[in-house]
Every structure is written in C-alpha cells, then in structure tokens.
$ cat final10.txt   # compact mmCIF, C-alpha atoms
# COMPACT_ATOMS: atom_id res chain seq x y z
CA MET A 21 26.31 -27.16 15.22
CA GLU A 22 28.38 -24.84 13.01
CA GLU A 23 29.97 -21.78 14.57
CA ALA A 24 28.72 -18.35 13.57
CA GLY A 25 31.72 -17.64 11.37
CA ALA A 26 31.73 -20.90 9.47
CA ALA A 27 30.70 -21.31 5.86
CA VAL A 28 27.94 -23.85 5.49
CA ALA A 29 27.25 -25.68 2.24
CA VAL A 30 23.84 -27.31 2.45
CA ALA A 31 23.92 -30.58 0.55
CA GLY A 32 21.15 -31.11 -1.94
CA GLU A 33 19.82 -27.57 -1.56
CA ALA A 34 22.52 -25.73 -3.53
CA GLU A 35 22.92 -23.14 -0.77
CA LEU A 36 25.94 -21.30 0.62
CA ASN A 37 25.39 -19.80 4.06
CA TRP A 38 28.22 -17.45 4.95
CA SER A 39 26.50 -15.51 7.67
CA ARG A 40 28.66 -13.47 10.07
CA LEU A 41 32.01 -14.45 8.57
CA SER A 42 34.93 -12.82 10.40
CA VAL A 43 37.09 -12.48 7.31
CA SER A 44 38.20 -9.62 5.11
CA SER A 45 36.36 -8.71 1.93
CA GLU A 46 39.37 -9.94 -0.07
CA THR A 47 39.11 -13.38 1.52
CA LEU A 48 35.39 -13.44 0.84
CA GLU A 49 36.01 -12.52 -2.80
CA SER A 50 38.52 -15.33 -3.26
CA GLU A 51 36.22 -17.84 -1.57
CA LEU A 52 33.35 -16.89 -3.85
CA GLU A 53 35.53 -17.07 -6.94
CA ALA A 54 36.70 -20.53 -5.89
CA ARG A 55 33.13 -21.67 -5.37
CA SER A 56 32.23 -20.25 -8.76
CA GLU A 57 35.03 -22.18 -10.45
CA GLU A 58 33.98 -25.39 -8.69
CA ARG A 59 30.42 -25.12 -9.90
CA ARG A 60 31.21 -24.28 -13.50
CA GLY A 61 32.03 -27.93 -14.12
CA SER A 62 29.23 -29.19 -11.90
CA ARG A 63 25.63 -29.93 -12.78
CA GLU A 64 24.48 -28.55 -9.44
CA ALA A 65 23.82 -24.83 -9.69
CA LEU A 66 24.03 -22.51 -6.69
CA LEU A 67 20.51 -21.26 -5.93
CA ARG A 68 20.86 -19.48 -2.56
CA LEU A 69 23.68 -17.29 -1.32
CA LEU A 70 23.45 -15.94 2.23
CA LEU A 71 25.91 -13.18 3.15
CA PRO A 72 24.23 -11.25 5.99
CA HIS A 73 26.20 -9.47 8.73
CA ASN A 74 29.60 -9.52 7.05
CA ARG A 75 30.42 -5.79 7.17
CA LEU A 76 30.32 -5.66 3.39
CA MET A 77 30.84 -2.21 1.90
CA SER A 78 29.93 -3.34 -1.62
CA LEU A 79 28.66 -6.42 -3.42
CA PRO A 80 31.36 -9.01 -4.10
CA ARG A 81 32.84 -8.63 -7.59
CA ALA A 82 32.70 -12.40 -7.99
CA LEU A 83 28.93 -12.11 -8.46
CA ARG A 84 29.54 -10.72 -11.95
CA SER A 85 30.14 -14.22 -13.28
CA GLY A 86 29.69 -17.79 -12.18
CA PHE A 87 26.26 -17.50 -10.51
CA PRO A 88 23.76 -17.32 -13.40
CA HIS A 89 21.21 -19.56 -11.67
CA LEU A 90 21.21 -17.82 -8.30
CA GLN A 91 17.63 -17.33 -7.08
CA LEU A 92 18.11 -15.81 -3.60
CA LEU A 93 20.71 -13.34 -2.39
CA ASP A 94 20.76 -12.11 1.21
CA VAL A 95 23.10 -9.20 1.98
CA SER A 96 21.19 -7.83 4.96
CA GLY A 97 22.86 -6.26 7.97
CA ASN A 98 25.95 -5.03 6.17
CA SER A 99 27.26 -1.53 5.42
CA LEU A 100 26.22 -1.30 1.80
CA THR A 101 25.64 2.19 0.41
CA ALA A 102 24.96 0.92 -3.11
CA LEU A 103 23.94 -2.25 -4.91
CA GLY A 104 26.41 -2.16 -7.77
CA PRO A 105 26.37 -3.47 -11.33
CA GLU A 106 27.21 -6.94 -10.00
CA LEU A 107 23.51 -7.26 -9.26
CA LEU A 108 22.58 -7.00 -12.93
CA ALA A 109 24.56 -10.17 -13.73
CA LEU A 110 22.21 -12.26 -11.57
CA SER A 111 19.70 -12.73 -14.37
CA GLY A 112 17.71 -15.45 -12.60
CA LEU A 113 17.44 -13.77 -9.19
CA ARG A 114 13.97 -14.03 -7.63
CA THR A 115 14.56 -12.81 -4.06
CA LEU A 116 16.85 -9.99 -2.93
CA LEU A 117 17.15 -9.24 0.79
CA ALA A 118 19.14 -6.08 1.53
CA ARG A 119 17.53 -4.76 4.70
CA ASN A 120 19.40 -2.87 7.41
CA ASN A 121 22.14 -1.38 5.28
CA ARG A 122 22.95 2.25 4.37
CA LEU A 123 21.20 2.37 1.02
CA GLY A 124 19.29 5.44 -0.05
CA GLY A 125 21.65 7.95 -1.60
CA PRO A 126 22.20 8.68 -5.31
CA GLY A 127 23.29 5.55 -7.14
CA ALA A 128 21.98 3.21 -4.45
CA LEU A 129 20.59 0.98 -7.19
CA PRO A 130 22.42 0.07 -10.40
CA LYS A 131 21.68 1.95 -13.59
CA GLY A 132 19.58 0.01 -16.06
CA LEU A 133 17.85 -2.05 -13.37
CA ALA A 134 14.41 -1.62 -14.92
CA GLN A 135 15.76 -2.68 -18.33
CA SER A 136 17.74 -5.66 -17.06
CA PRO A 137 16.57 -9.31 -16.88
CA LEU A 138 15.82 -8.65 -13.20
CA SER A 139 12.75 -6.70 -14.28
CA ARG A 140 11.30 -10.04 -15.39
CA SER A 141 12.70 -12.35 -12.69
CA LEU A 142 12.78 -10.48 -9.35
CA GLN A 143 9.70 -11.28 -7.25
CA VAL A 144 10.68 -10.36 -3.68
CA LEU A 145 12.62 -7.24 -2.73
CA ASN A 146 13.29 -6.22 0.88
CA LEU A 147 14.99 -2.84 1.39
CA SER A 148 13.62 -2.15 4.87
CA GLY A 149 15.80 -0.40 7.43
CA ASN A 150 17.72 1.76 4.98
CA CYS A 151 17.78 5.51 4.24
CA PHE A 152 15.55 5.97 1.20
CA GLN A 153 13.71 9.30 1.20
CA GLU A 154 11.77 8.46 -1.93
CA LEU A 155 10.85 5.31 -3.80
CA PRO A 156 13.56 4.82 -6.47
CA ALA A 157 12.09 5.21 -9.94
CA SER A 158 13.96 2.14 -11.17
CA LEU A 159 12.02 -0.06 -8.73
CA LEU A 160 8.79 0.92 -10.45
CA GLY A 161 9.98 -0.92 -13.57
CA LEU A 162 10.28 -4.30 -11.83
CA ARG A 163 7.06 -5.64 -13.34
CA ALA A 164 7.37 -9.17 -11.85
CA LEU A 165 7.67 -7.89 -8.27
CA GLN A 166 5.20 -9.55 -5.90
CA THR A 167 6.52 -8.39 -2.52
CA LEU A 168 8.10 -4.98 -1.88
CA SER A 169 9.30 -3.96 1.59
CA LEU A 170 10.62 -0.50 2.35
CA GLY A 171 9.68 -0.22 5.99
CA GLY A 172 11.78 1.82 8.38
CA ASN A 173 13.15 4.22 5.77
CA GLN A 174 12.53 7.97 5.40
CA LEU A 175 9.95 7.93 2.61
CA GLN A 176 7.92 11.12 2.32
CA ASN A 177 5.36 9.93 -0.20
CA ILE A 178 4.19 7.10 -2.43
CA PRO A 179 4.53 7.96 -6.13
CA ALA A 180 1.50 7.58 -8.38
CA GLU A 181 3.63 5.30 -10.59
CA ILE A 182 3.30 2.60 -7.94
CA GLU A 183 0.43 1.41 -10.13
CA ASN A 184 3.02 0.10 -12.60
CA LEU A 185 3.74 -2.84 -10.27
CA GLN A 186 0.77 -4.83 -11.50
CA SER A 187 1.99 -8.14 -10.02
CA LEU A 188 2.38 -6.73 -6.50
CA GLU A 189 0.71 -8.79 -3.77
CA CYS A 190 2.33 -7.40 -0.62
CA LEU A 191 3.43 -3.80 -0.03
CA TYR A 192 5.14 -2.94 3.26
CA LEU A 193 5.84 0.77 3.83
CA GLY A 194 5.45 0.99 7.60
CA GLY A 195 7.66 3.24 9.71
CA ASN A 196 8.17 6.11 7.27
CA PHE A 197 6.96 9.74 7.01
CA ILE A 198 4.20 9.24 4.44
CA LYS A 199 1.34 11.76 4.70
CA GLU A 200 -0.93 10.73 1.84
CA ILE A 201 -2.09 7.57 0.12
CA PRO A 202 -2.26 8.07 -3.65
CA PRO A 203 -5.51 6.94 -5.31
CA GLU A 204 -3.39 5.11 -7.90
CA LEU A 205 -2.61 2.51 -5.24
CA ALA A 206 -6.10 1.19 -5.92
CA ASN A 207 -4.97 0.11 -9.40
CA LEU A 208 -3.03 -2.90 -8.09
CA PRO A 209 -5.39 -5.81 -8.81
CA SER A 210 -3.45 -8.51 -6.93
CA LEU A 211 -2.63 -6.60 -3.74
CA ASN A 212 -3.41 -8.78 -0.69
CA TYR A 213 -1.46 -7.11 2.10
CA LEU A 214 -0.98 -3.37 2.52
CA VAL A 215 1.04 -2.14 5.50
CA LEU A 216 1.14 1.64 6.03
CA CYS A 217 1.41 1.72 9.81
CA ASP A 218 3.58 4.18 11.76
CA ASN A 219 3.37 7.00 9.25
CA LYS A 220 1.64 10.42 9.24
CA ILE A 221 -1.39 9.57 7.13
CA GLN A 222 -4.47 11.71 7.83
CA SER A 223 -7.04 10.21 5.46
CA VAL A 224 -7.74 7.17 3.33
CA PRO A 225 -8.86 7.72 -0.26
CA PRO A 226 -12.20 6.09 -1.10
CA GLN A 227 -10.58 4.58 -4.20
CA LEU A 228 -8.97 1.93 -1.98
CA SER A 229 -12.34 0.20 -2.01
CA GLN A 230 -11.35 -1.01 -5.49
CA LEU A 231 -8.70 -3.30 -3.99
CA HIS A 232 -10.97 -6.32 -4.16
CA SER A 233 -8.15 -8.77 -3.35
CA LEU A 234 -7.08 -6.96 -0.18
CA ARG A 235 -7.09 -9.19 2.90
CA SER A 236 -5.08 -7.19 5.43
CA LEU A 237 -4.84 -3.41 5.85
CA SER A 238 -2.53 -2.04 8.56
CA LEU A 239 -3.04 1.65 9.33
CA HIS A 240 -2.19 1.78 13.03
CA ASN A 241 -0.22 4.66 14.51
CA ASN A 242 -1.19 7.29 11.97
CA LEU A 243 -3.27 10.49 12.20
CA LEU A 244 -6.62 9.12 11.02
CA THR A 245 -9.83 10.57 12.44
CA TYR A 246 -12.26 8.77 10.11
CA LEU A 247 -12.48 6.26 7.27
CA PRO A 248 -14.43 6.54 4.01
CA ARG A 249 -17.62 4.50 4.09
CA GLU A 250 -16.50 2.84 0.84
CA ILE A 251 -14.13 0.72 2.91
CA LEU A 252 -17.12 -1.57 3.50
CA ASN A 253 -16.76 -2.63 -0.14
CA LEU A 254 -13.50 -4.46 0.62
CA ILE A 255 -15.27 -7.79 0.48
CA HIS A 256 -12.19 -9.96 1.22
CA LEU A 257 -10.74 -7.83 4.02
CA GLU A 258 -10.04 -9.99 7.07
CA GLU A 259 -7.85 -7.72 9.19
CA LEU A 260 -8.00 -3.97 9.68
CA SER A 261 -5.57 -2.43 12.18
CA LEU A 262 -6.40 1.10 13.37
CA ARG A 263 -4.95 1.34 16.87
CA GLY A 264 -2.96 4.42 17.77
CA ASN A 265 -5.01 6.81 15.59
CA PRO A 266 -6.92 9.84 16.93
CA LEU A 267 -10.21 8.16 16.06
CA VAL A 268 -12.82 10.09 18.05
CA VAL A 269 -14.71 8.16 20.72
CA ARG A 270 -18.11 9.81 20.46
CA PHE A 271 -20.55 10.51 17.66
CA VAL A 272 -19.27 13.56 15.76
CA ARG A 273 -20.75 15.43 12.84
CA ASP A 274 -18.74 17.68 10.60
CA LEU A 275 -21.14 20.07 8.91
CA THR A 276 -18.68 22.15 6.95
CA TYR A 277 -20.87 23.41 4.16
CA HIS A 278 -20.60 25.94 1.37
CA PRO A 279 -23.84 26.90 -0.42
CA PRO A 280 -24.17 25.41 -3.92
CA THR A 281 -23.58 27.61 -6.95
CA LEU A 282 -26.38 28.64 -9.30
CA LEU A 283 -25.05 26.08 -11.76
CA GLU A 284 -25.35 23.30 -9.21
CA LEU A 285 -28.83 24.44 -8.10
CA ALA A 286 -30.01 24.33 -11.71
CA ALA A 287 -28.43 20.94 -12.27
CA ARG A 288 -30.01 19.56 -9.09
CA THR A 289 -33.42 20.76 -10.26
CA ILE A 290 -32.99 19.03 -13.62
CA LYS A 291 -32.00 15.76 -11.95
CA MET A 292 -34.54 15.76 -9.13
CA ARG A 293 -37.49 16.71 -11.38
CA ASN A 294 -36.38 14.35 -14.15
CA ILE A 295 -36.42 17.12 -16.75
CA SER A 296 -35.61 15.50 -20.06
CA TYR A 297 -32.88 16.76 -22.36
CA THR A 298 -30.86 15.50 -25.31
CA PRO A 299 -27.21 15.98 -26.30
CA CYS A 300 -28.41 18.53 -28.83
CA ASP A 301 -29.96 20.70 -26.12
CA LEU A 302 -26.86 21.45 -24.05
CA PRO A 303 -23.13 22.13 -24.53
CA GLY A 304 -20.80 19.21 -23.91
CA ASN A 305 -19.40 20.61 -20.67
CA LEU A 306 -22.89 20.84 -19.16
CA LEU A 307 -23.74 17.30 -20.26
CA LYS A 308 -20.58 16.07 -18.56
CA TYR A 309 -21.43 18.04 -15.43
CA LEU A 310 -24.94 16.58 -15.25
CA SER A 311 -23.56 13.08 -15.58
CA SER A 312 -21.35 13.61 -12.51
CA ALA A 313 -24.29 13.77 -10.09
CA SER A 314 -24.06 11.72 -6.89
CA ASN A 315 -27.12 10.45 -5.05
CA CYS A 316 -27.60 11.48 -1.45
CA PRO A 317 -27.21 8.34 0.73
CA ASN A 318 -30.16 9.38 2.92
CA PRO A 319 -32.96 7.05 1.70
CA LYS A 320 -35.62 9.58 2.78
CA CYS A 321 -34.10 12.38 0.75
CA GLY A 322 -33.88 11.40 -2.91
CA GLY A 323 -31.68 14.39 -3.64
CA VAL A 324 -28.45 14.69 -5.57
CA TYR A 325 -25.30 16.76 -5.27
CA PHE A 326 -22.38 17.72 -7.50
CA ASP A 327 -19.53 19.77 -6.01
CA CYS A 328 -21.33 20.94 -2.87
CA CYS A 329 -22.09 18.48 -0.09
CA VAL A 330 -22.09 18.05 3.67
CA ARG A 331 -19.41 15.84 5.16
CA GLN A 332 -20.69 13.76 8.02
CA ILE A 333 -18.97 11.19 10.20
CA LYS A 334 -21.09 8.23 11.23
CA PHE A 335 -20.11 5.43 13.54
CA VAL A 336 -21.06 1.91 12.55
CA ASP A 337 -20.71 -1.38 14.39
CA PHE A 338 -18.07 -3.89 13.40
CA CYS A 339 -18.04 -7.37 14.90
CA GLY A 340 -20.49 -6.23 17.58
CA LYS A 341 -17.64 -4.70 19.58
CA TYR A 342 -16.09 -1.76 17.79
CA ARG A 343 -17.59 1.49 16.50
CA LEU A 344 -15.86 2.49 13.28
CA PRO A 345 -16.02 6.13 12.04
CA LEU A 346 -16.99 6.27 8.37
CA MET A 347 -17.37 9.35 6.19
CA HIS A 348 -20.72 10.10 4.52
CA TYR A 349 -21.56 12.81 2.02
CA LEU A 350 -25.04 14.36 2.13
CA CYS A 351 -26.64 16.81 -0.28
CA SER A 352 -27.54 19.47 2.33
CA PRO A 353 -27.53 20.21 6.08
CA GLU A 354 -31.26 19.43 6.19
CA CYS A 355 -30.43 15.76 5.64
CA SER A 356 -28.66 15.58 8.98
CA SER A 357 -30.09 18.42 11.06
CA PRO A 358 -31.94 17.36 14.24
CA CYS A 359 -33.97 20.59 14.26
CA SER A 360 -37.00 19.24 12.41
CA SER A 361 -38.75 15.98 13.12
CA ALA A 362 -38.82 14.96 9.49
CA SER A 363 -35.13 15.49 8.95
CA HIS A 364 -34.38 13.88 12.32
CA SER A 365 -36.33 10.82 11.24
CA SER A 366 -34.43 10.76 7.98
CA THR A 367 -31.15 10.95 9.81
CA SER A 368 -32.11 8.15 12.14
CA GLN A 369 -33.11 6.00 9.19
CA SER A 370 -29.83 6.81 7.48
CA GLU A 371 -27.90 5.82 10.60
CA SER A 372 -29.85 2.59 10.84
CA ASP A 373 -29.22 1.77 7.21
CA SER A 374 -25.51 2.45 7.51
CA GLU A 375 -25.27 0.26 10.60
CA ASP A 376 -27.19 -2.52 8.87
CA GLU A 377 -24.78 -2.25 5.96
CA ALA A 378 -21.86 -2.54 8.35
CA SER A 379 -23.43 -5.51 10.09
CA VAL A 380 -23.70 -7.33 6.78
CA ALA A 381 -20.02 -6.61 6.16
CA ALA A 382 -18.95 -7.45 9.71
CA HIS A 383 -18.99 -11.20 9.23
CA ARG A 384 -16.21 -10.77 6.66
CA MET A 385 -13.98 -9.00 9.14
CA GLN A 386 -12.07 -11.33 11.45
CA LYS A 387 -10.05 -8.65 13.22
CA VAL A 388 -10.66 -4.96 13.72
CA LEU A 389 -7.84 -3.70 15.90
CA LEU A 390 -8.52 -0.35 17.52
CA GLY A 391 -6.83 -0.80 20.86
$ encode --input "final10.txt" --output "structure tokens"
Amino acid sequence: MEEAGAAVAVAGEAELNWSRLSVSSETLESELEARSEERRGSREALLRLLLPHNRLMSLPRALRSGFPHLQLLDVSGNSLTALGPELLALSGLRTLLARNNRLGGPGALPKGLAQSPLSRSLQVLNLSGNCFQELPASLLGLRALQTLSLGGNQLQNIPAEIENLQSLECLYLGGNFIKEIPPELANLPSLNYLVLCDNKIQSVPPQLSQLHSLRSLSLHNNLLTYLPREILNLIHLEELSLRGNPLVVRFVRDLTYHPPTLLELAARTIKMRNISYTPCDLPGNLLKYLSSASNCPNPKCGGVYFDCCVRQIKFVDFCGKYRLPLMHYLCSPECSSPCSSASHSSTSQSESDSEDEASVAAHRMQKVLLG
C-alpha cells in the first residue's frame, strides 16, 4: 500500500493521485511540469488529477498548459482563496471538486468563466464547505452543469437566475442561511435531487409542483409549518425529508381573512352565475382579472375567488403513518366554519377528498421522514 505522501500513477486509467503530499508548492509545480512534458509525446492523456489536502494556496501554474484532456480535478481540503485563470485552460474538464477551501471572496472564480469552454464541458461542480455568501453570477452561465453543490457555505438566498442551469439534475444547498425558495427553481426540467436542508426556509412555493422529474426533496431542519397541497403533484417523488421542522402536531386552521373588494364581489357574481360577456363588453384589464379566477376546492361549494381567500391547513395521510400539513385556499370562511351543519358537512367532505387524494399519491412516496 502506498504511503499518504506518495504520488500514485494508476496504470491504464490516466490518473495522478497526489493526495496529502508533504512537499512545497515549488516541488509540486516542478513535478506537474515534468509530468506534462512526459505526456506531450505520449498517446495516453491525463484524465484525472487528484491534489486534495496539499495546503495549496493557489492552483498550480503548470495547469495552464499540458493538460488539455483533463476531465477531473480534485483540489479539495486545501487553502485556496481563489480558482485562478489556470482553470480556464482546462477546456475538457467535466468534474471540479474544490470543497473545504477558503473560497468565497471577490475574485474567487476566474473572470470569463461563463464565456470559456468550461461553460460547455463542466458537468459536476462541488464548492461545499467554503465561504460563499451568494451564488456567483458566473456559475449561472455553466449551461452544461448537471450537479452543483454549495452546501455548508453562507448563502443568504437563491437567485432567480438559477433557472438558467437547464441541465441541472442535482442541486445541493444544505447548511446555509437561505430563507426563501424562488419560484424560478421550478423551471429546471431535469432536476432529480433537491437538497435544501439545514437552512431557515419558512415556506415552499407551490410552483415546485412543476418539478415533474423530482425524486428526492430534502427540507429537514428548516422553519416549515406547512406545505402547499400542490406538492401532491410531484408524481415521481420518492423521498421527502421534513424532520426538524416546527410542523404542528394537531389539526390547525388559519382563518386569516380580509373581506373581498367590490370588484371581486362583482367578478365572483359573474363567474358563479355564468353571466355571459364578450371582449367588446369589458376593458382589457377586467377581462384579464376575470380570467384569473380560482375554483374553491370544496366540492360542495362551487364558488370562486380572486385575491381574497381563506388559508386553511389540512392534514392528510401519507403512507398510512404520517400526517402531512398541506395548505388549502377556500373562497370564504363559510367553507370551513363548523358553526352550521351544511358548512360542516362540506368541510368534512373536503377533508375526506383531500385525504383520498393523498392516499392515491401515497403509493408513490417511499419515504416521508418527519422524525
């Protein structure tokens, strides 16, 4: 077995493993330059270069030439404060591992990254365990990126431009200070794994239901008290992690309600009584408003609402073991008030329907982790 400080050349795999070398950066530079010279006259191209835990303060200058076919570079566990222009010379790089460094300040990433060949080649980028307070704008131009990891940083938010990463399949942002999930995250058609655990997230936007490829959603250790009922539309979701959230343990109703405006009352009347109208009858803004009507989910109601609605938390069964709090929107307090028998019956029917809907979806869910 090789000692920790030894350089290992893996025959047939075109790999150099120089993990935990106890040499100076100058020695490392000369070794890399020598390896580069050796391979210039060789048909075997270097594909993997492993340099973790070497106390590197910067990327080796030798990377600027001699490694055009390099596909994986691991510089994790060093003391890097910046990934310099040497990175841009690695035009065929597919995987970059730079976790547990000191990256995050101005100039942490090289200028022109989004315009370099890396924007077309880089597929896996791991920058976890660094000091980023915001997602670098240059990363949002890496259109071929499939896996992005920035866990254990100091991120405050997720920019709306995250939707530019259309090839993204796995996004790991756990262990940050994120408070909100942008709706634009739902515009990533290939996203399979979304990890947002150990943040300060208080709500989940209903737009996430559009992530039809999502298989795993990790939201544990946040500040969630409910989930939108649209989450049941995630037809491929197999794992949902919610432990460590202040999810309430009893049936709770939130009846915060502001009376509808005269405009909304008139619009409700038009919709509920099926009063006919044509585009010539009303101004464009009123036509647009009427088209924004939402149906009350209470099947006994038949009403509609626009801007004014009652928020209600319902608990539905998942996997026959867990009660999951989902948010509903009703057209008025009468749809959920237990004061009258009719409305109480309607509410019971609505609860039954929502639980049936959850039961249908439950067979798709392999794991619901609440505890």
$ residues_around --input "final10.txt" --residues "Tyr213 (chain A)" --least-positions-apart "2" --cutoff "6 Å" --atoms "only C-alpha atoms" --output "ChimeraX atom specification"
/A:190,211,236
$ closest_residue --input "final10.txt" --among "A:Cys351, A:Ala180, A:Ile198, A:Leu93" --to "Asn219 (chain A)" --atoms "all atoms listed in the file"
A:Ile198
$ residues_around --input "final10.txt" --residues "region 114-118 of chain A" --least-positions-apart "3" --cutoff "9 Å" --atoms "only C-alpha atoms" --output "list in words"
Pro72, Leu90, Gln91, Leu92, Leu93, Asp94, Val95, Ser96, Gly97, Asn98, Leu100, Leu103, Ser111, Asn121, Leu123, Leu138, Ser141, Leu142, Gln143, Val144, Leu145, Asn146, Leu147, Ser148, Gly149, Asn150 and Leu165 of chain A
$ closest_residue --input "final10.txt" --among "A:Gly304, A:Pro137, A:Gly104, A:Gly322" --to "Leu83 (chain A)" --atoms "all atoms listed in the file"
A:Gly104
$ residues_around --input "final10.txt" --residues "Leu52 (chain A)" --least-positions-apart "5" --cutoff "9 Å" --atoms "only C-alpha atoms" --output "list in words"
Thr47, Glu57, Pro80, Ala82 and Leu83 of chain A
$ atom_distance --input "final10.txt" --atom1 "CA of Leu66 (chain A)" --atom2 "CA of Gly127 (chain A)"
28.1 Å
$ closest_residue --input "final10.txt" --among "A:Cys316, A:Leu310, A:Leu228, A:Leu237" --to "Ala206 (chain A)" --atoms "only C-alpha atoms"
A:Leu228
$ atom_distance --input "final10.txt" --atom1 "CA of Leu260 (chain A)" --atom2 "CA of Asn241 (chain A)"
12.6 Å
$ atom_distance --input "final10.txt" --atom1 "CA of His256 (chain A)" --atom2 "CA of Asn212 (chain A)"
9.1 Å
$ residues_around --input "final10.txt" --residues "Asn242 (chain A)" --least-positions-apart "4" --cutoff "9 Å" --atoms "all atoms listed in the file" --output "PyMOL selection string"
chain A and resi 199+216-222+262-266
$ closest_residue --input "final10.txt" --among "A:Gln135, A:Ala54, A:Glu189, A:Pro279" --to "Pro353 (chain A)" --atoms "only C-alpha atoms"
A:Pro279
$ residues_around --input "final10.txt" --residues "Leu133 (chain A)" --least-positions-apart "4" --cutoff "9 Å" --atoms "only C-alpha atoms" --output "MDAnalysis selection string"
chainID A and resid 105 107:108 129 137:139 158:159 161:162
$ closest_residue --input "final10.txt" --among "A:Leu76, A:Gly86, A:Thr298, A:Ser311" --to "Arg122 (chain A)" --atoms "all atoms listed in the file"
A:Leu76
$ build_atoms --input "final10.txt" --residues "region 139-159 of chain A" --atoms "N, CA and C atoms" --output "tab-separated table (two decimals), keeping the file's coordinate frame"
chain	number	residue	atom	x	y	z
A	139	SER	N	14.10	-7.25	-14.20
A	139	SER	CA	12.75	-6.70	-14.28
A	139	SER	C	11.72	-7.79	-14.57
A	140	ARG	N	12.19	-8.92	-15.08
A	140	ARG	CA	11.30	-10.04	-15.39
A	140	ARG	C	11.41	-11.18	-14.38
A	141	SER	N	12.49	-11.21	-13.59
A	141	SER	CA	12.70	-12.35	-12.69
A	141	SER	C	12.46	-12.01	-11.22
A	142	LEU	N	12.81	-10.80	-10.78
A	142	LEU	CA	12.78	-10.48	-9.35
A	142	LEU	C	11.34	-10.41	-8.84
A	143	GLN	N	11.05	-11.20	-7.81
A	143	GLN	CA	9.70	-11.28	-7.25
A	143	GLN	C	9.60	-10.72	-5.84
A	144	VAL	N	10.68	-10.82	-5.07
A	144	VAL	CA	10.68	-10.36	-3.68
A	144	VAL	C	11.86	-9.42	-3.48
A	145	LEU	N	11.57	-8.22	-2.98
A	145	LEU	CA	12.62	-7.24	-2.73
A	145	LEU	C	12.39	-6.62	-1.35
A	146	ASN	N	13.38	-6.77	-0.47
A	146	ASN	CA	13.29	-6.22	0.88
A	146	ASN	C	14.42	-5.21	1.08
A	147	LEU	N	14.05	-3.93	1.17
A	147	LEU	CA	14.99	-2.84	1.39
A	147	LEU	C	14.66	-2.10	2.68
A	148	SER	N	14.01	-2.78	3.61
A	148	SER	CA	13.62	-2.15	4.87
A	148	SER	C	14.86	-1.79	5.70
A	149	GLY	N	14.71	-0.77	6.54
A	149	GLY	CA	15.80	-0.40	7.43
A	149	GLY	C	16.96	0.26	6.73
A	150	ASN	N	16.68	1.02	5.67
A	150	ASN	CA	17.72	1.76	4.98
A	150	ASN	C	17.43	3.26	5.09
A	151	CYS	N	17.87	4.04	4.13
A	151	CYS	CA	17.78	5.51	4.24
A	151	CYS	C	17.08	6.15	3.05
A	152	PHE	N	16.23	5.42	2.37
A	152	PHE	CA	15.55	5.97	1.20
A	152	PHE	C	14.56	7.06	1.62
A	153	GLN	N	14.65	8.22	0.96
A	153	GLN	CA	13.71	9.30	1.20
A	153	GLN	C	12.59	9.32	0.15
A	154	GLU	N	12.80	8.62	-0.92
A	154	GLU	CA	11.77	8.46	-1.93
A	154	GLU	C	11.92	7.09	-2.59
A	155	LEU	N	10.83	6.61	-3.14
A	155	LEU	CA	10.85	5.31	-3.80
A	155	LEU	C	11.64	5.43	-5.09
A	156	PRO	N	12.75	4.70	-5.25
A	156	PRO	CA	13.56	4.82	-6.47
A	156	PRO	C	12.73	4.52	-7.72
A	157	ALA	N	12.87	5.38	-8.71
A	157	ALA	CA	12.09	5.21	-9.94
A	157	ALA	C	12.38	3.89	-10.62
A	158	SER	N	13.61	3.39	-10.50
A	158	SER	CA	13.96	2.14	-11.17
A	158	SER	C	13.20	0.96	-10.60
A	159	LEU	N	12.79	1.04	-9.32
A	159	LEU	CA	12.02	-0.06	-8.73
A	159	LEU	C	10.66	-0.19	-9.38
